[in-house]
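Below: upload-v1.cif (mmCIF, C-alpha atoms and all ligand atoms)
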data_run
#
loop_
_atom_site.label_atom_id
_atom_site.label_comp_id
_atom_site.auth_asym_id
_atom_site.auth_seq_id
_atom_site.Cartn_x
_atom_site.Cartn_y
_atom_site.Cartn_z
CA MET Z 1 18.94 13.29 10.72
CA GLY Z 2 17.56 15.20 7.70
CA ARG Z 3 14.90 14.15 5.27
CA GLY Z 4 15.31 11.67 2.43
CA ALA Z 5 15.69 12.71 -1.19
CA PHE Z 6 12.85 12.38 -3.69
CA ILE Z 7 14.46 10.93 -6.83
CA VAL Z 8 12.33 10.32 -9.95
CA PHE Z 9 13.23 8.47 -13.16
CA GLU Z 10 11.56 9.62 -16.37
CA GLY Z 11 11.93 8.75 -20.03
CA LEU Z 12 10.25 7.17 -23.01
CA ASP Z 13 9.18 3.52 -23.08
CA ARG Z 14 12.08 1.04 -22.80
CA ALA Z 15 14.57 3.76 -21.86
CA GLY Z 16 15.74 1.50 -19.03
CA LYS Z 17 14.06 3.24 -16.11
CA SER Z 18 13.02 0.13 -14.16
CA THR Z 19 16.48 -1.41 -14.71
CA GLN Z 20 18.24 1.70 -13.39
CA VAL Z 21 15.77 2.13 -10.50
CA SER Z 22 16.66 -1.38 -9.27
CA MET Z 23 20.41 -0.90 -9.75
CA LEU Z 24 20.32 2.42 -7.92
CA THR Z 25 18.19 1.13 -5.05
CA ASP Z 26 20.53 -1.85 -4.53
CA ALA Z 27 23.65 0.35 -4.65
CA LEU Z 28 22.22 2.83 -2.13
CA ARG Z 29 21.18 0.02 0.21
CA GLU Z 30 24.71 -1.42 0.04
CA ARG Z 31 26.00 1.98 1.13
CA GLY Z 32 23.70 1.96 4.15
CA VAL Z 33 21.26 4.55 2.77
CA ALA Z 34 17.63 4.09 3.89
CA VAL Z 35 15.85 3.77 0.55
CA GLN Z 36 12.50 2.66 -0.88
CA LYS Z 37 11.47 1.94 -4.43
CA GLN Z 38 8.12 3.10 -5.82
CA SER Z 39 6.64 2.75 -9.30
CA PHE Z 40 3.88 4.72 -11.01
CA PRO Z 41 1.46 3.53 -12.03
CA ASP Z 42 1.32 1.62 -8.73
CA ARG Z 43 -0.66 -1.31 -10.12
CA SER Z 44 -1.21 -2.83 -6.63
CA THR Z 45 -3.97 -0.41 -5.55
CA ALA Z 46 -7.65 -0.44 -6.58
CA ILE Z 47 -7.06 2.52 -8.92
CA GLY Z 48 -3.83 0.87 -10.13
CA LYS Z 49 -5.75 -2.26 -11.14
CA LEU Z 50 -8.05 -0.16 -13.34
CA ILE Z 51 -4.97 1.47 -14.89
CA ASP Z 52 -3.43 -1.94 -15.57
CA ASP Z 53 -6.61 -3.05 -17.36
CA TYR Z 54 -6.52 0.17 -19.40
CA LEU Z 55 -2.84 -0.21 -20.38
CA THR Z 56 -3.28 -3.83 -21.40
CA LYS Z 57 -6.39 -2.85 -23.40
CA LYS Z 58 -8.91 -4.83 -21.31
CA VAL Z 59 -10.99 -1.70 -20.65
CA GLU Z 60 -11.41 1.63 -22.43
CA PHE Z 61 -11.49 5.11 -20.88
CA SER Z 62 -11.38 8.48 -22.57
CA PRO Z 63 -7.77 9.76 -22.51
CA GLU Z 64 -8.77 12.46 -20.02
CA ALA Z 65 -10.44 9.98 -17.65
CA ALA Z 66 -7.37 7.72 -17.87
CA HIS Z 67 -5.13 10.68 -17.06
CA LEU Z 68 -7.16 11.55 -13.97
CA LEU Z 69 -6.81 7.93 -12.81
CA PHE Z 70 -3.01 8.07 -13.23
CA SER Z 71 -2.99 11.28 -11.20
CA ALA Z 72 -5.36 9.86 -8.56
CA ASN Z 73 -2.97 6.92 -8.25
CA ARG Z 74 -0.23 9.38 -7.21
CA TRP Z 75 -2.54 11.29 -4.86
CA GLU Z 76 -3.54 8.09 -3.06
CA CYS Z 77 0.17 7.49 -2.29
CA LYS Z 78 0.99 11.08 -1.30
CA ASP Z 79 0.82 10.79 2.51
CA ARG Z 80 2.89 7.60 2.53
CA LEU Z 81 5.57 9.16 0.30
CA ILE Z 82 5.82 12.30 2.44
CA LYS Z 83 5.99 10.26 5.65
CA SER Z 84 8.88 8.18 4.30
CA LEU Z 85 10.80 11.24 3.14
CA GLU Z 86 10.29 12.98 6.48
CA GLU Z 87 11.53 9.88 8.32
CA GLY Z 88 14.77 10.15 6.35
CA THR Z 89 14.08 7.51 3.69
CA THR Z 90 15.17 8.31 0.15
CA LEU Z 91 12.55 7.43 -2.49
CA VAL Z 92 13.54 6.14 -5.91
CA VAL Z 93 10.46 6.52 -8.07
CA ASP Z 94 9.89 4.95 -11.49
CA ARG Z 95 7.83 7.57 -13.44
CA TYR Z 96 5.83 10.39 -11.80
CA ALA Z 97 3.93 13.55 -12.73
CA ALA Z 98 5.98 14.39 -15.85
CA SER Z 99 5.04 11.02 -17.40
CA GLY Z 100 1.44 11.84 -16.52
CA ALA Z 101 1.45 15.19 -18.34
CA ALA Z 102 3.67 14.11 -21.27
CA TYR Z 103 1.67 10.97 -22.12
CA ALA Z 104 -1.75 12.54 -21.58
CA ALA Z 105 -1.00 15.58 -23.74
CA ALA Z 106 0.26 13.31 -26.55
CA ASN Z 107 -2.73 11.03 -26.26
CA SER Z 108 -5.66 13.38 -25.57
CA GLY Z 109 -4.89 16.51 -27.55
CA GLN Z 110 -5.35 18.60 -24.39
CA THR Z 111 -2.59 21.12 -23.69
CA LEU Z 112 0.41 20.28 -21.55
CA GLU Z 113 -0.84 22.97 -19.16
CA TRP Z 114 -4.23 21.24 -18.82
CA CYS Z 115 -2.53 17.89 -18.30
CA SER Z 116 -0.18 19.25 -15.62
CA GLN Z 117 -3.02 20.61 -13.49
CA PRO Z 118 -4.21 17.45 -11.67
CA ASP Z 119 -0.76 16.80 -10.16
CA ARG Z 120 -0.25 20.34 -8.84
CA GLY Z 121 0.23 20.25 -5.07
CA LEU Z 122 1.79 16.79 -4.92
CA PRO Z 123 5.32 16.68 -3.48
CA ALA Z 124 7.84 17.70 -6.17
CA PRO Z 125 10.94 15.61 -6.93
CA ASP Z 126 14.32 16.91 -5.77
CA LEU Z 127 15.92 15.32 -8.81
CA VAL Z 128 14.50 13.96 -12.07
CA ILE Z 129 16.83 11.57 -13.88
CA PHE Z 130 15.78 11.71 -17.52
CA LEU Z 131 16.95 8.71 -19.57
CA ARG Z 132 17.41 9.58 -23.24
CA VAL Z 133 16.95 6.82 -25.79
CA GLY Z 134 16.48 6.93 -29.59
CA GLU Z 135 13.71 5.26 -31.58
CA GLU Z 136 15.82 2.48 -33.06
CA GLU Z 137 17.28 1.48 -29.72
CA GLN Z 138 13.82 1.57 -28.07
CA GLN Z 139 12.41 -0.89 -30.59
CA LYS Z 140 15.33 -3.30 -30.19
CA ARG Z 141 14.56 -3.73 -26.49
CA ALA Z 142 12.35 -6.54 -25.11
CA ASN Z 143 8.54 -6.59 -25.39
CA TRP Z 144 8.33 -3.39 -27.47
CA GLY Z 145 4.84 -2.61 -28.84
CA GLU Z 146 2.68 -4.52 -26.37
CA GLU Z 147 1.20 -1.65 -24.41
CA ARG Z 148 -1.04 1.16 -25.44
CA PHE Z 149 1.35 4.04 -26.26
CA GLU Z 150 4.17 2.07 -27.88
CA ARG Z 151 3.99 3.54 -31.37
CA VAL Z 152 6.69 5.68 -32.96
CA GLU Z 153 4.46 8.72 -33.66
CA THR Z 154 3.09 8.76 -30.12
CA GLN Z 155 6.58 8.36 -28.63
CA ARG Z 156 7.79 11.36 -30.69
CA LYS Z 157 5.03 13.56 -29.29
CA ILE Z 158 5.74 12.34 -25.76
CA GLY Z 159 9.45 13.08 -26.24
CA LYS Z 160 8.68 16.67 -27.24
CA ASN Z 161 6.45 17.06 -24.20
CA PHE Z 162 9.21 15.81 -21.89
CA ASP Z 163 11.58 18.40 -23.44
CA ARG Z 164 9.07 21.13 -22.63
CA LEU Z 165 8.60 19.92 -19.05
CA ALA Z 166 12.33 19.58 -18.29
CA ASP Z 167 13.54 22.24 -15.90
CA SER Z 168 17.24 22.94 -15.72
CA ARG Z 169 17.30 23.12 -11.91
CA THR Z 170 16.06 19.64 -11.08
CA TRP Z 171 16.37 17.59 -14.32
CA PHE Z 172 19.50 15.59 -15.09
CA GLY Z 173 19.65 14.12 -18.61
CA VAL Z 174 21.52 10.87 -19.12
CA ASP Z 175 22.49 9.12 -22.38
CA ALA Z 176 20.70 5.79 -21.86
CA GLN Z 177 22.10 4.06 -24.96
CA ARG Z 178 25.33 3.00 -23.24
CA ASP Z 179 25.83 -0.15 -21.24
CA LYS Z 180 23.84 -0.46 -18.04
CA ALA Z 181 26.83 -0.20 -15.69
CA ALA Z 182 28.11 3.05 -17.24
CA ILE Z 183 24.66 4.64 -16.99
CA HIS Z 184 24.34 3.46 -13.40
CA ALA Z 185 27.72 4.89 -12.36
CA GLU Z 186 26.82 8.36 -13.68
CA ILE Z 187 23.42 8.30 -11.96
CA LEU Z 188 24.79 7.04 -8.63
CA GLU Z 189 27.27 9.90 -8.41
CA ARG Z 190 24.56 12.53 -9.06
CA VAL Z 191 22.09 10.90 -6.65
CA LEU Z 192 24.59 10.70 -3.77
CA LYS Z 193 25.09 14.45 -4.16
CA ALA Z 194 21.31 15.03 -4.08
CA ILE Z 195 20.89 12.87 -0.97
CA HIS Z 196 23.60 14.87 0.77
CA GLU Z 197 22.00 18.20 -0.18
CA CYS Z 198 18.51 17.12 0.94
CA ALA Z 199 19.73 15.83 4.30
CA ASP Z 200 21.48 19.16 4.88
CA GLN Z 201 18.70 21.61 4.11
CA SER Z 202 16.01 22.11 1.42
CA PRO Z 203 12.39 21.60 2.48
CA LEU Z 204 10.23 19.42 0.24
CA GLU Z 205 8.55 21.51 -2.47
CA ASN Z 206 5.17 21.08 -4.15
CA GLN Z 207 4.63 20.15 -7.76
CA GLU Z 208 3.86 23.31 -9.81
N1 LIG Z 301 1.82 6.34 -18.02
C1 LIG Z 301 0.89 7.33 -18.29
O1 LIG Z 301 0.31 7.37 -19.36
N2 LIG Z 301 0.62 8.26 -17.33
C2 LIG Z 301 1.22 8.24 -16.12
O2 LIG Z 301 0.93 9.10 -15.26
C3 LIG Z 301 2.20 7.21 -15.85
C4 LIG Z 301 2.46 6.28 -16.83
C5 LIG Z 301 2.88 7.15 -14.52
C6 LIG Z 301 3.24 1.99 -18.29
O3 LIG Z 301 4.30 2.52 -17.58
C7 LIG Z 301 2.64 3.04 -19.17
O4 LIG Z 301 1.94 4.01 -18.40
C8 LIG Z 301 3.64 3.81 -19.98
C9 LIG Z 301 3.43 5.26 -19.59
C10 LIG Z 301 2.07 5.29 -19.02
N3 LIG Z 301 3.35 3.70 -21.38
N4 LIG Z 301 3.17 2.79 -22.12
N5 LIG Z 301 2.93 2.07 -22.95
P1 LIG Z 301 5.40 1.59 -16.98
O5 LIG Z 301 6.41 2.49 -16.39
O6 LIG Z 301 4.76 0.56 -16.13
O7 LIG Z 301 6.00 0.87 -18.28
P2 LIG Z 301 6.98 -0.38 -18.26
O8 LIG Z 301 6.20 -1.53 -18.67
O9 LIG Z 301 7.81 -0.41 -17.04
O10 LIG Z 301 7.97 -0.11 -19.43
P3 LIG Z 301 8.93 1.08 -19.62
O11 LIG Z 301 8.85 2.01 -18.52
O12 LIG Z 301 8.62 1.60 -20.93
O13 LIG Z 301 10.38 0.43 -19.67
P4 LIG Z 301 11.66 0.92 -18.81
O14 LIG Z 301 11.36 0.71 -17.37
O15 LIG Z 301 12.08 2.27 -19.20
O16 LIG Z 301 12.76 -0.08 -19.29
P5 LIG Z 301 13.30 -1.45 -18.61
O17 LIG Z 301 12.14 -2.30 -18.26
O18 LIG Z 301 14.28 -1.13 -17.56
O19 LIG Z 301 14.11 -2.03 -19.84
C11 LIG Z 301 13.44 -2.45 -21.01
C12 LIG Z 301 14.30 -3.55 -21.69
O20 LIG Z 301 15.54 -2.99 -22.12
C13 LIG Z 301 14.67 -4.71 -20.74
O21 LIG Z 301 14.72 -5.87 -21.50
C14 LIG Z 301 16.08 -4.32 -20.27
O22 LIG Z 301 16.87 -5.42 -19.90
C15 LIG Z 301 16.64 -3.63 -21.50
N6 LIG Z 301 17.63 -2.59 -21.16
C16 LIG Z 301 17.59 -1.70 -20.12
N7 LIG Z 301 18.69 -0.90 -20.13
C17 LIG Z 301 19.42 -1.27 -21.21
C18 LIG Z 301 20.66 -0.81 -21.76
N8 LIG Z 301 21.35 0.19 -21.21
N9 LIG Z 301 21.12 -1.42 -22.87
C19 LIG Z 301 20.43 -2.44 -23.45
N10 LIG Z 301 19.25 -2.93 -22.98
C20 LIG Z 301 18.75 -2.35 -21.87
MG MG Z 302 9.55 0.31 -16.46
#
As structure tokens, how would this structure be written, given the file I've shared?
Ligand code: Z5A
Ligand code: MG
Amino acid sequence: MGRGAFIVFEGLDRAGKSTQVSMLTDALRERGVAVQKQSFPDRSTAIGKLIDDYLTKKVEFSPEAAHLLFSANRWECKDRLIKSLEEGTTLVVDRYAASGAAYAAANSGQTLEWCSQPDRGLPAPDLVIFLRVGEEEQQKRANWGEERFERVETQRKIGKNFDRLADSRTWFGVDAQRDKAAIHAEILERVLKAIHECADQSPLENQE
């Protein structure tokens, strides 16, 4: 048996990532694929609890310190993620290093290059599903505006950063303004292909 595929969902706030992560995980499980769901930030760890307090504005950190916490939160999960992949489990991950760099660069004024550095050396995704959503649609969706970065200007900067981070080899853009089932069907087809390819060959790469 080959390794599992490392699938990451990225996109702006309210793009529908968590919805699609759940739909995909359920569909893969129904097909008998060994699969695990993981979210970043992982708010269940000690570092994750600090991040949760930061996002809900209970504590303040400088943007750079917050960014290093988000990255540390991925590093503390690294061994567990690699172990699962090597055992043949596919990981469906809700936000990862690209969110880290895109949000931190928009929020801190540091370059995208500076903000990408802390995640270098982590396992790299085999496939990044990027959910595209427009401003109007974002704001129509539930609970908009409650967390720290949910302002139109900030979201525009983050969107530009995602465009700069997207690499044509591993990123798959999806129009996320359609109904949930249509989006899911397109993603499932692409992910099944990625799982097949990973089981066949390709060693896990490191984040650059
Ligand atoms: N952050 C960071 O700064 N650095 C990092 O390294 C990382 C994250 C990893 C919390 O992330 C914050 O952390 C986030 C980035 C920053 N910024 N803020 N603020 P999070 O991932 O925990 O955020 P969240 O609370 O899960 O929200 P989200 O990701 O923005 O939402 P989503 O997962 O993309 O959307 P959803 O929860 O699936 O859907 C939102 C609503 O829309 C919900 O009511 C759905 O039923 C509805 N929905 C979903 N799909 C559709 C469609 N197709 N049509 C209509 N309605 C839909
Ligand atoms: Mg979410």
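Across the model, the gap from CA of Ala176 in chain Z to CA of Phe70 in chain Z is 25.3 Å.
Across the model, the gap from CA of Gly100 in chain Z to atom N1 of ligand LIG 301 (chain Z) is 5.7 Å.
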Chain Z residues near ligand LIG 301 (chain Z) within 7 Å, closest pair each, using all atoms listed in the file, as a Markdown table:
| residue | atom | partner | partner_atom | distance |
| --- | --- | --- | --- | --- |
| Z:Gly11 | CA | Z:LIG301 | O15 | 6.5 |
| Z:Leu12 | CA | Z:LIG301 | O12 | 6.2 |
| Z:Asp13 | CA | Z:LIG301 | O12 | 2.9 |
| Z:Arg14 | CA | Z:LIG301 | O13 | 3.6 |
| Z:Ala15 | CA | Z:LIG301 | O15 | 3.9 |
| Z:Gly16 | CA | Z:LIG301 | O18 | 3.3 |
| Z:Lys17 | CA | Z:LIG301 | O15 | 3.8 |
| Z:Ser18 | CA | Z:LIG301 | O14 | 3.7 |
| Z:Thr19 | CA | Z:LIG301 | O18 | 3.6 |
| Z:Gln20 | CA | Z:LIG301 | O18 | 6.4 |
| Z:Phe40 | CA | Z:LIG301 | C5 | 4.4 |
| Z:Pro41 | CA | Z:LIG301 | C5 | 4.6 |
| Z:Leu55 | CA | Z:LIG301 | C7 | 6.5 |
| Z:His67 | CA | Z:LIG301 | N2 | 6.2 |
| Z:Phe70 | CA | Z:LIG301 | O2 | 4.6 |
| Z:Ser71 | CA | Z:LIG301 | O2 | 6.0 |
| Z:Asp94 | CA | Z:LIG301 | O5 | 6.5 |
| Z:Arg95 | CA | Z:LIG301 | C5 | 5.1 |
| Z:Tyr96 | CA | Z:LIG301 | C5 | 5.2 |
| Z:Ala97 | CA | Z:LIG301 | O2 | 5.9 |
| Z:Ser99 | CA | Z:LIG301 | C2 | 4.9 |
| Z:Gly100 | CA | Z:LIG301 | O2 | 3.1 |
| Z:Ala101 | CA | Z:LIG301 | O2 | 6.8 |
| Z:Tyr103 | CA | Z:LIG301 | O1 | 4.7 |
| Z:Ala104 | CA | Z:LIG301 | O1 | 6.0 |
| Z:Arg141 | CA | Z:LIG301 | O20 | 4.5 |
| Z:Ala142 | CA | Z:LIG301 | O21 | 4.4 |
| Z:Glu147 | CA | Z:LIG301 | N5 | 4.4 |
| Z:Arg148 | CA | Z:LIG301 | N5 | 4.8 |
| Z:Phe149 | CA | Z:LIG301 | N5 | 4.2 |
| Z:Glu150 | CA | Z:LIG301 | N5 | 5.1 |
| Z:Ala176 | CA | Z:LIG301 | N8 | 5.7 |
| Z:Gln177 | CA | Z:LIG301 | N8 | 5.4 |
| Z:Arg178 | CA | Z:LIG301 | N8 | 5.3 |
| Z:Asp179 | CA | Z:LIG301 | N8 | 4.5 |
| Z:Lys180 | CA | Z:LIG301 | N8 | 4.1 |
| Z:Ile183 | CA | Z:LIG301 | N8 | 7.0 |
Could you pull out every residue with an atom within 12 Å of (3.5, 13.9, -0.1), file coordinates, counting only C-alpha atoms, and send them as a VMD selection string? chain Z and resid 6 74 to 86 91 119 to 125 204 to 207
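When all atoms listed in the file are used to measure the gap to Ala102 in chain Z, the shortest distance among Z:Val152, Z:Ile47, Z:Leu69, Z:Ala166 belongs to Z:Ala166.
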8 Å per side around range 108-120 of chain Z: axis-aligned box centre and edge lengths, as JSON:
{"center_x": -2.6, "center_y": 18.2, "center_z": -18.2, "size_x": 22.1, "size_y": 25.6, "size_z": 34.7}
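Remark: for Leu188 in chain Z, the closest of the candidate residues Z:Glu10, Z:Gly145, Z:Thr89, Z:Val174 is Z:Val174 (distances computed over all atoms listed in the file).
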Skip Lys58 in chain Z itself and residues of its chain fewer than 4 positions away, then list as a short mmCIF file (atom, residue, chain, number, x, y, z; two decimals) with C-alpha atoms, keeping the file's coordinate frame all residues within 12 Å of it, counting all atoms listed in the file.
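Output contents, as saved in result.cif:
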data_model
loop_
_atom_site.label_atom_id
_atom_site.label_comp_id
_atom_site.auth_asym_id
_atom_site.auth_seq_id
_atom_site.Cartn_x
_atom_site.Cartn_y
_atom_site.Cartn_z
CA LYS Z 49 -5.75 -2.26 -11.14
CA LEU Z 50 -8.05 -0.16 -13.34
CA ILE Z 51 -4.97 1.47 -14.89
CA ASP Z 52 -3.43 -1.94 -15.57
CA ASP Z 53 -6.61 -3.05 -17.36
CA TYR Z 54 -6.52 0.17 -19.40
CA GLU Z 147 1.20 -1.65 -24.41
CA ARG Z 148 -1.04 1.16 -25.44
#
So how many Å separate CA of Thr45 in chain Z and CA of Gly109 in chain Z, to one decimal? 27.8 Å
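Using all atoms listed in the file, the smallest distance between any of Z:Glu87, Z:Trp144, Z:Ile7, Z:Leu131 and Ser39 in chain Z comes from Z:Ile7.
Distance check against Leu127 in chain Z using only C-alpha atoms: of Z:Val59, Z:Ala46, Z:Ile187, Z:Met1, the minimum falls on Z:Ile187.
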Give the answer as one residue: which of Z:Val133, Z:Val21, Z:Ala106, Z:Ala34 has the shortest atom-to-atom distance to Thr90 in chain Z, using all atoms listed in the file? Z:Ala34
Using all atoms listed in the file, which of the listed residues (Z:Asn161, Z:Thr25, Z:Ser108, Z:Gln38) sits closest to ligand MG 302 (chain Z)? Z:Gln38
What would range 79-93 of chain Z look like with N, CA, C and O atoms restored, written as a PDB file, in the coordinates of the input?
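Dumped to result14.pdb:
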ATOM      1  N   ASP Z  79       0.501  10.730   1.076  1.00  0.00           N
ATOM      2  CA  ASP Z  79       0.820  10.790   2.510  1.00  0.00           C
ATOM      3  C   ASP Z  79       1.935   9.806   2.868  1.00  0.00           C
ATOM      4  O   ASP Z  79       2.819  10.112   3.656  1.00  0.00           O
ATOM      5  N   ARG Z  80       1.860   8.625   2.262  1.00  0.00           N
ATOM      6  CA  ARG Z  80       2.890   7.600   2.530  1.00  0.00           C
ATOM      7  C   ARG Z  80       4.258   8.071   2.026  1.00  0.00           C
ATOM      8  O   ARG Z  80       5.280   7.902   2.718  1.00  0.00           O
ATOM      9  N   LEU Z  81       4.290   8.694   0.853  1.00  0.00           N
ATOM     10  CA  LEU Z  81       5.570   9.160   0.300  1.00  0.00           C
ATOM     11  C   LEU Z  81       6.165  10.250   1.197  1.00  0.00           C
ATOM     12  O   LEU Z  81       7.358  10.215   1.544  1.00  0.00           O
ATOM     13  N   ILE Z  82       5.324  11.198   1.600  1.00  0.00           N
ATOM     14  CA  ILE Z  82       5.820  12.300   2.440  1.00  0.00           C
ATOM     15  C   ILE Z  82       6.336  11.762   3.775  1.00  0.00           C
ATOM     16  O   ILE Z  82       7.400  12.172   4.247  1.00  0.00           O
ATOM     17  N   LYS Z  83       5.585  10.838   4.360  1.00  0.00           N
ATOM     18  CA  LYS Z  83       5.990  10.260   5.650  1.00  0.00           C
ATOM     19  C   LYS Z  83       7.385   9.621   5.528  1.00  0.00           C
ATOM     20  O   LYS Z  83       8.264   9.858   6.368  1.00  0.00           O
ATOM     21  N   SER Z  84       7.578   8.838   4.484  1.00  0.00           N
ATOM     22  CA  SER Z  84       8.880   8.180   4.300  1.00  0.00           C
ATOM     23  C   SER Z  84       9.999   9.208   4.158  1.00  0.00           C
ATOM     24  O   SER Z  84      11.060   9.074   4.790  1.00  0.00           O
ATOM     25  N   LEU Z  85       9.758  10.223   3.340  1.00  0.00           N
ATOM     26  CA  LEU Z  85      10.800  11.240   3.140  1.00  0.00           C
ATOM     27  C   LEU Z  85      11.126  11.942   4.456  1.00  0.00           C
ATOM     28  O   LEU Z  85      12.298  12.151   4.794  1.00  0.00           O
ATOM     29  N   GLU Z  86      10.078  12.278   5.208  1.00  0.00           N
ATOM     30  CA  GLU Z  86      10.290  12.980   6.480  1.00  0.00           C
ATOM     31  C   GLU Z  86      11.022  12.109   7.500  1.00  0.00           C
ATOM     32  O   GLU Z  86      11.738  12.611   8.368  1.00  0.00           O
ATOM     33  N   GLU Z  87      10.829  10.800   7.398  1.00  0.00           N
ATOM     34  CA  GLU Z  87      11.530   9.880   8.320  1.00  0.00           C
ATOM     35  C   GLU Z  87      12.985   9.653   7.899  1.00  0.00           C
ATOM     36  O   GLU Z  87      13.704   8.889   8.540  1.00  0.00           O
ATOM     37  N   GLY Z  88      13.370  10.260   6.771  1.00  0.00           N
ATOM     38  CA  GLY Z  88      14.770  10.150   6.350  1.00  0.00           C
ATOM     39  C   GLY Z  88      15.015   9.101   5.280  1.00  0.00           C
ATOM     40  O   GLY Z  88      16.167   8.803   4.945  1.00  0.00           O
ATOM     41  N   THR Z  89      13.926   8.537   4.741  1.00  0.00           N
ATOM     42  CA  THR Z  89      14.080   7.510   3.690  1.00  0.00           C
ATOM     43  C   THR Z  89      14.112   8.187   2.318  1.00  0.00           C
ATOM     44  O   THR Z  89      13.250   9.017   2.003  1.00  0.00           O
ATOM     45  N   THR Z  90      15.092   7.822   1.529  1.00  0.00           N
ATOM     46  CA  THR Z  90      15.170   8.310   0.150  1.00  0.00           C
ATOM     47  C   THR Z  90      14.249   7.468  -0.725  1.00  0.00           C
ATOM     48  O   THR Z  90      14.213   6.246  -0.599  1.00  0.00           O
ATOM     49  N   LEU Z  91      13.474   8.139  -1.588  1.00  0.00           N
ATOM     50  CA  LEU Z  91      12.550   7.430  -2.490  1.00  0.00           C
ATOM     51  C   LEU Z  91      13.117   7.429  -3.902  1.00  0.00           C
ATOM     52  O   LEU Z  91      13.522   8.492  -4.409  1.00  0.00           O
ATOM     53  N   VAL Z  92      13.130   6.260  -4.511  1.00  0.00           N
ATOM     54  CA  VAL Z  92      13.540   6.140  -5.910  1.00  0.00           C
ATOM     55  C   VAL Z  92      12.292   5.743  -6.685  1.00  0.00           C
ATOM     56  O   VAL Z  92      11.764   4.641  -6.512  1.00  0.00           O
ATOM     57  N   VAL Z  93      11.797   6.657  -7.494  1.00  0.00           N
ATOM     58  CA  VAL Z  93      10.460   6.520  -8.070  1.00  0.00           C
ATOM     59  C   VAL Z  93      10.552   6.358  -9.597  1.00  0.00           C
ATOM     60  O   VAL Z  93      11.191   7.162 -10.276  1.00  0.00           O
TER      61      VAL Z  93
END
